[in-house]
Each structure stands twice: as C-alpha cells, then as structure tokens.
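S.K.: This is the structure I have questions about; it appears just below.
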Amino acid sequence: MEIAVAIFEQVTALDAVGPYEVLQRLPGAQVRFVGHRKGEVRTDNGFLGLMVDCTFGEVTAPDIVLIPGGIGTRALVHDGVILDWIRRAHETSRFTTSVCTGSLLLAAAGLLKGQKATTHFSARPMLLKYGAVPTEERIVQEGKIITAAGVSSGIDMALHLAEQLTDVTTAQALQLMIEYDPQPPHDAGALHKVDASVLLRVQELARDKS
C-alpha cells in the first residue's frame, strides 16, 4: 500500500509527521514523501528540514494521498504542478486526505465543490472561494475524501483512516503503539472553547512568526 505525503516549503511539520507516525505502522505500508523536487524543504518557521524522496512525477498513482497544510499552501493554490498531481492521483486513490490548510489545495484542485470540508479555523472562509462548504468538525469524510482540521487533528484523521483500511482492533493497536492518549492541561483546543483574550494572543503569536 503506497502512501504519498506531499511536502513543500513552509509546510507545518506535525500536519505531515503526525499522520505519518500512524500510517507508517500499517501492515504493508510504504510511505513516500513527494514534492516538486528531491531534497530538503524547510517547515513553516524555517527551523526544521524535511526530505522529499520522490518527485510528483515519480509517484503517480498512490493508494493514499495526504496533503498537509502550512503557510506554504497559500502560494500553492496557484501552482499547477501540485494541483495537477492531486487531480491525477485522486482519480485512482483509495483515499485522498488533507490536514489543516492542505484542504485548500484539494479545494483549489476542484475536489471539494459542493462538499463539506474542514481546515484550520483561521482558513475556513477561504474554502468558500472554491465552492466547498466549511464546517467546524474535526474530521470530515465525503466519500473517499477525508479532511482534518488544524495540525493535531491529523493524528485523529490517520486513526480514522487506519480503521477503514484495516479494522477497529488494528486502529486501536496503532493508537496504543504511539500512546496517543491526549490529556492537555487546558481545554482550549477549539475556537468555541476560548475567550477573546486567547484568540487575541493567538493573533499576536502568529504576527511574531510572520
């Protein structure tokens, strides 16, 4: 089972690596990190490098397509190379998935017209531009397309996908293998759970990184 994870300049690391930690443990899984050209790409803050092992032209019909997000997606919604690859790969994939703003690329490729989809809360309005129907749900499945909300939701999405590819027991085993048992110190992981002061601090932190 070939799993293609697209990576690019200014990708958010956990969007790709979180699902990878789940999916690479599936029986028979072979994960390919694909991109425009082989070599290193830097993540959204520039601190971490990830390696593209195969070009888009070398992985044309993966079983699973995974498009992570990150600030780099803002330019890629106009990039014909990755959008054409998404369209072609989707034609034969078993599942086409995204994490965070990766759904903007699925939408820009024309895959989400009239369909419910999710993304990071800050980017939901952008889905409307491409005819998608944005939702606050953490995981959304429409046929063989699965979109996940912001960053950490990619792990949930991967476990959801793993169950469909195998069975409940295997998905639970994968969850135990990575000891995924979230117990955050604050219940602040969704927009509707915080007050205005927290959202303001998010905006300040985002500006500091830009």
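Within each chain, counting starts at residue 1; across the structure tokens, chains are named A, B, ... in the order shown, with ligands numbered 1 upward in that order.
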So which residues touch segment 25-39 of chain A within 6 Å, counting only C-alpha atoms, skipping near sequence neighbours fewer than 6 positions away, as JSON, numbers by chain?

M.R.: {"A": [1, 2, 3, 4, 5, 6, 7, 51, 52, 53, 54, 55, 56]}

S.K.: Could you build a table of the residues in segment 138-173 of chain A lying no more than 6 Å from segment 93-108 of chain A, giving for each the nearest pair of atoms and their separation in Å rounded to one decimal place, using only C-alpha atoms, ordered by chain and ascending residue number, as a Markdown table?

M.R.:
| residue | atom | partner | partner_atom | distance |
| --- | --- | --- | --- | --- |
| A:Lys144 | CA | A:Phe95 | CA | 4.7 |
| A:Ile145 | CA | A:Thr96 | CA | 4.9 |
| A:Ile146 | CA | A:Thr97 | CA | 4.7 |
| A:Thr147 | CA | A:Ser98 | CA | 4.8 |
| A:Ala148 | CA | A:Val99 | CA | 4.7 |
| A:Ala149 | CA | A:Cys100 | CA | 4.8 |
| A:Gly150 | CA | A:Cys100 | CA | 4.2 |
| A:Val151 | CA | A:Cys100 | CA | 5.6 |
| A:Gly154 | CA | A:Val99 | CA | 5.4 |

S.K.: In Å to one decimal, how far is atom CA of Glu137 of chain A from atom CA of His192 of chain A?

M.R.: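 These two atoms are separated by 11.5 Å.
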
S.K.: Set the distance at 12 Å and use only C-alpha atoms: which residues neighbour Leu199 of chain A once local chain neighbours fewer than 4 positions away are removed? I'd like the list as a list in words.

M.R.: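 Using only C-alpha atoms, the neighbours found are Phe121, Ser122, Ala188, Gly189, Ala190, Leu191, His192, Lys193, Val194, Asp195, Gln203, Glu204, Leu205 and Ala206 of chain A.
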
S.K.: Run DSSP on the backbone and give me the residues of segment 12-202 of chain A it puts in strand (DSSP E), as an mmCIF file with N, CA and C atoms, in the first residue's frame.

M.R.:
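Output contents, as saved in part05.cif:
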data_model
loop_
_atom_site.group_PDB
_atom_site.id
_atom_site.type_symbol
_atom_site.label_atom_id
_atom_site.label_comp_id
_atom_site.auth_asym_id
_atom_site.auth_seq_id
_atom_site.Cartn_x
_atom_site.Cartn_y
_atom_site.Cartn_z
ATOM 1 N N GLN A 30 3.928 1.567 2.631
ATOM 2 C CA GLN A 30 5.164 2.155 2.113
ATOM 3 C C GLN A 30 4.903 3.647 1.928
ATOM 4 N N VAL A 31 5.576 4.455 2.725
ATOM 5 C CA VAL A 31 5.328 5.895 2.715
ATOM 6 C C VAL A 31 6.348 6.594 1.834
ATOM 7 N N ARG A 32 5.856 7.454 0.956
ATOM 8 C CA ARG A 32 6.717 8.267 0.106
ATOM 9 C C ARG A 32 6.468 9.740 0.427
ATOM 10 N N PHE A 33 7.526 10.479 0.673
ATOM 11 C CA PHE A 33 7.408 11.930 0.809
ATOM 12 C C PHE A 33 7.707 12.539 -0.559
ATOM 13 N N VAL A 34 6.696 13.170 -1.147
ATOM 14 C CA VAL A 34 6.788 13.625 -2.530
ATOM 15 C C VAL A 34 6.725 15.143 -2.603
ATOM 16 N N GLY A 35 7.314 15.690 -3.664
ATOM 17 C CA GLY A 35 7.308 17.129 -3.834
ATOM 18 C C GLY A 35 7.749 17.530 -5.230
ATOM 19 N N GLY A 39 15.031 16.495 -2.256
ATOM 20 C CA GLY A 39 15.876 17.281 -1.381
ATOM 21 C C GLY A 39 15.101 17.878 -0.229
ATOM 22 N N GLU A 40 15.761 18.721 0.500
ATOM 23 C CA GLU A 40 15.187 19.276 1.723
ATOM 24 C C GLU A 40 14.226 20.417 1.449
ATOM 25 N N VAL A 41 13.138 20.430 2.213
ATOM 26 C CA VAL A 41 12.275 21.613 2.298
ATOM 27 C C VAL A 41 12.247 22.036 3.763
ATOM 28 N N ARG A 42 12.060 23.313 3.989
ATOM 29 C CA ARG A 42 12.022 23.822 5.355
ATOM 30 C C ARG A 42 10.581 24.021 5.796
ATOM 31 N N GLY A 49 13.993 20.865 8.794
ATOM 32 C CA GLY A 49 14.015 20.434 7.401
ATOM 33 C C GLY A 49 13.423 19.038 7.257
ATOM 34 N N LEU A 50 12.642 18.831 6.203
ATOM 35 C CA LEU A 50 12.099 17.526 5.845
ATOM 36 C C LEU A 50 12.583 17.183 4.441
ATOM 37 N N MET A 51 12.691 15.894 4.143
ATOM 38 C CA MET A 51 13.260 15.472 2.865
ATOM 39 C C MET A 51 12.199 14.969 1.894
ATOM 40 N N VAL A 52 12.208 15.518 0.699
ATOM 41 C CA VAL A 52 11.421 14.988 -0.414
ATOM 42 C C VAL A 52 12.223 13.843 -1.033
ATOM 43 N N CYS A 54 10.803 11.628 -3.448
ATOM 44 C CA CYS A 54 10.342 11.354 -4.812
ATOM 45 C C CYS A 54 9.643 12.593 -5.356
ATOM 46 N N THR A 55 9.764 12.811 -6.645
ATOM 47 C CA THR A 55 9.026 13.908 -7.276
ATOM 48 C C THR A 55 7.596 13.474 -7.546
ATOM 49 N N ILE A 64 -2.976 6.054 -1.110
ATOM 50 C CA ILE A 64 -3.407 7.096 -0.180
ATOM 51 C C ILE A 64 -2.675 8.389 -0.522
ATOM 52 N N VAL A 65 -3.423 9.466 -0.660
ATOM 53 C CA VAL A 65 -2.856 10.797 -0.870
ATOM 54 C C VAL A 65 -3.056 11.591 0.418
ATOM 55 N N LEU A 66 -1.993 12.217 0.901
ATOM 56 C CA LEU A 66 -2.096 13.040 2.102
ATOM 57 C C LEU A 66 -1.468 14.405 1.826
ATOM 58 N N ILE A 67 -2.268 15.451 1.959
ATOM 59 C CA ILE A 67 -1.811 16.820 1.726
ATOM 60 C C ILE A 67 -1.819 17.579 3.047
ATOM 61 N N PHE A 95 -8.084 6.619 -0.952
ATOM 62 C CA PHE A 95 -8.483 7.765 -0.140
ATOM 63 C C PHE A 95 -7.588 8.950 -0.466
ATOM 64 N N THR A 96 -8.207 10.125 -0.498
ATOM 65 C CA THR A 96 -7.475 11.382 -0.667
ATOM 66 C C THR A 96 -7.742 12.218 0.573
ATOM 67 N N THR A 97 -6.683 12.620 1.264
ATOM 68 C CA THR A 97 -6.848 13.233 2.575
ATOM 69 C C THR A 97 -6.057 14.532 2.694
ATOM 70 N N SER A 98 -6.439 15.326 3.687
ATOM 71 C CA SER A 98 -5.708 16.565 3.962
ATOM 72 C C SER A 98 -5.731 16.840 5.450
ATOM 73 N N VAL A 99 -4.776 17.646 5.881
ATOM 74 C CA VAL A 99 -4.709 18.127 7.257
ATOM 75 C C VAL A 99 -4.566 19.638 7.208
ATOM 76 N N LYS A 116 -18.794 19.200 2.047
ATOM 77 C CA LYS A 116 -18.341 19.664 3.355
ATOM 78 C C LYS A 116 -16.855 19.388 3.501
ATOM 79 N N ALA A 117 -16.160 20.291 4.162
ATOM 80 C CA ALA A 117 -14.731 20.110 4.397
ATOM 81 C C ALA A 117 -14.335 20.946 5.603
ATOM 82 N N VAL A 133 -17.941 23.632 1.369
ATOM 83 C CA VAL A 133 -18.832 24.019 2.466
ATOM 84 C C VAL A 133 -18.069 23.835 3.772
ATOM 85 N N PRO A 134 -17.487 24.914 4.319
ATOM 86 C CA PRO A 134 -16.657 24.775 5.522
ATOM 87 C C PRO A 134 -17.468 24.395 6.747
ATOM 88 N N ILE A 139 -12.995 16.120 11.928
ATOM 89 C CA ILE A 139 -12.748 15.221 10.802
ATOM 90 C C ILE A 139 -13.998 15.190 9.949
ATOM 91 N N VAL A 140 -13.845 15.334 8.648
ATOM 92 C CA VAL A 140 -14.980 15.279 7.722
ATOM 93 C C VAL A 140 -14.657 14.278 6.622
ATOM 94 N N GLN A 141 -15.556 13.330 6.399
ATOM 95 C CA GLN A 141 -15.384 12.389 5.293
ATOM 96 C C GLN A 141 -16.537 12.536 4.317
ATOM 97 N N GLU A 142 -16.194 12.749 3.062
ATOM 98 C CA GLU A 142 -17.155 12.809 1.964
ATOM 99 C C GLU A 142 -16.677 11.807 0.919
ATOM 100 N N ILE A 145 -12.815 11.183 0.234
ATOM 101 C CA ILE A 145 -12.061 12.367 0.641
ATOM 102 C C ILE A 145 -12.251 12.596 2.134
ATOM 103 N N ILE A 146 -11.140 12.723 2.850
ATOM 104 C CA ILE A 146 -11.181 12.993 4.287
ATOM 105 C C ILE A 146 -10.363 14.248 4.562
ATOM 106 N N THR A 147 -10.982 15.234 5.184
ATOM 107 C CA THR A 147 -10.268 16.451 5.572
ATOM 108 C C THR A 147 -10.233 16.541 7.092
ATOM 109 N N ALA A 148 -9.118 17.036 7.620
ATOM 110 C CA ALA A 148 -8.955 17.207 9.055
ATOM 111 C C ALA A 148 -8.715 18.675 9.352
#

S.K.: Give me, please, the distance in Å between atom CA of Gly110 of chain A and atom CA of Arg88 of chain A, quoted to one decimal.

M.R.: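 Interatomic distance, atom CA of Gly110 of chain A to atom CA of Arg88 of chain A: 11.6 Å.
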
S.K.: Please report the interatomic distance between atom CA of Gln10 of chain A and atom CA of Lys129 of chain A in Å with one decimal.

M.R.: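 Value for the atom CA of Gln10 of chain A-atom CA of Lys129 of chain A distance: 22.2 Å.
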
S.K.: Could you pull the residues within 12 Å of Gln175 of chain A, counting only C-alpha atoms, minus those fewer than 3 positions along the same chain, as a list in words?

M.R.: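 Answer for this query is Gly18, Pro19, Glu21, Val22, Leu23, Arg25, Leu26, Ile155, Asp156, Met157, Ala158, Leu159, His160, Ala162, Glu163, Val168, Thr169, Thr170, Ala171, Gln172, Ile178, Glu179, Tyr180, Asp181 and Pro182 of chain A.
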
S.K.: Keeping only C-alpha atoms, write those residues as an mmCIF file, in the first residue's frame.

M.R.:
data_model
loop_
_atom_site.group_PDB
_atom_site.id
_atom_site.type_symbol
_atom_site.label_atom_id
_atom_site.label_comp_id
_atom_site.auth_asym_id
_atom_site.auth_seq_id
_atom_site.Cartn_x
_atom_site.Cartn_y
_atom_site.Cartn_z
ATOM 1 C CA GLY A 18 1.576 13.189 12.898
ATOM 2 C CA PRO A 19 -0.319 11.090 10.324
ATOM 3 C CA GLU A 21 3.552 8.118 12.725
ATOM 4 C CA VAL A 22 0.224 6.289 12.471
ATOM 5 C CA LEU A 23 0.117 5.262 8.813
ATOM 6 C CA ARG A 25 2.794 1.303 11.049
ATOM 7 C CA LEU A 26 0.026 -0.156 8.892
ATOM 8 C CA ILE A 155 -3.413 12.142 14.083
ATOM 9 C CA ASP A 156 -7.139 11.622 14.624
ATOM 10 C CA MET A 157 -7.675 11.565 10.874
ATOM 11 C CA ALA A 158 -4.960 8.948 10.392
ATOM 12 C CA LEU A 159 -6.506 6.681 13.024
ATOM 13 C CA HIS A 160 -9.919 7.142 11.404
ATOM 14 C CA ALA A 162 -6.478 3.260 9.518
ATOM 15 C CA GLU A 163 -9.706 1.738 10.783
ATOM 16 C CA VAL A 168 -11.136 -1.440 14.688
ATOM 17 C CA THR A 169 -8.675 -3.587 16.610
ATOM 18 C CA THR A 170 -5.770 -2.624 14.364
ATOM 19 C CA ALA A 171 -6.627 1.077 14.639
ATOM 20 C CA GLN A 172 -6.737 0.742 18.408
ATOM 21 C CA ILE A 178 2.060 5.695 19.715
ATOM 22 C CA GLU A 179 0.480 6.005 23.182
ATOM 23 C CA TYR A 180 -1.937 8.589 21.860
ATOM 24 C CA ASP A 181 -3.963 9.447 24.937
ATOM 25 C CA PRO A 182 -4.354 13.249 24.912
#

S.K.: What parts of segment 51-144 of chain A does DSSP call alpha helix (DSSP H)? I'd like the answer as a ChimeraX atom specification.

M.R.: /A:73-76,80-92,102-108,124-128
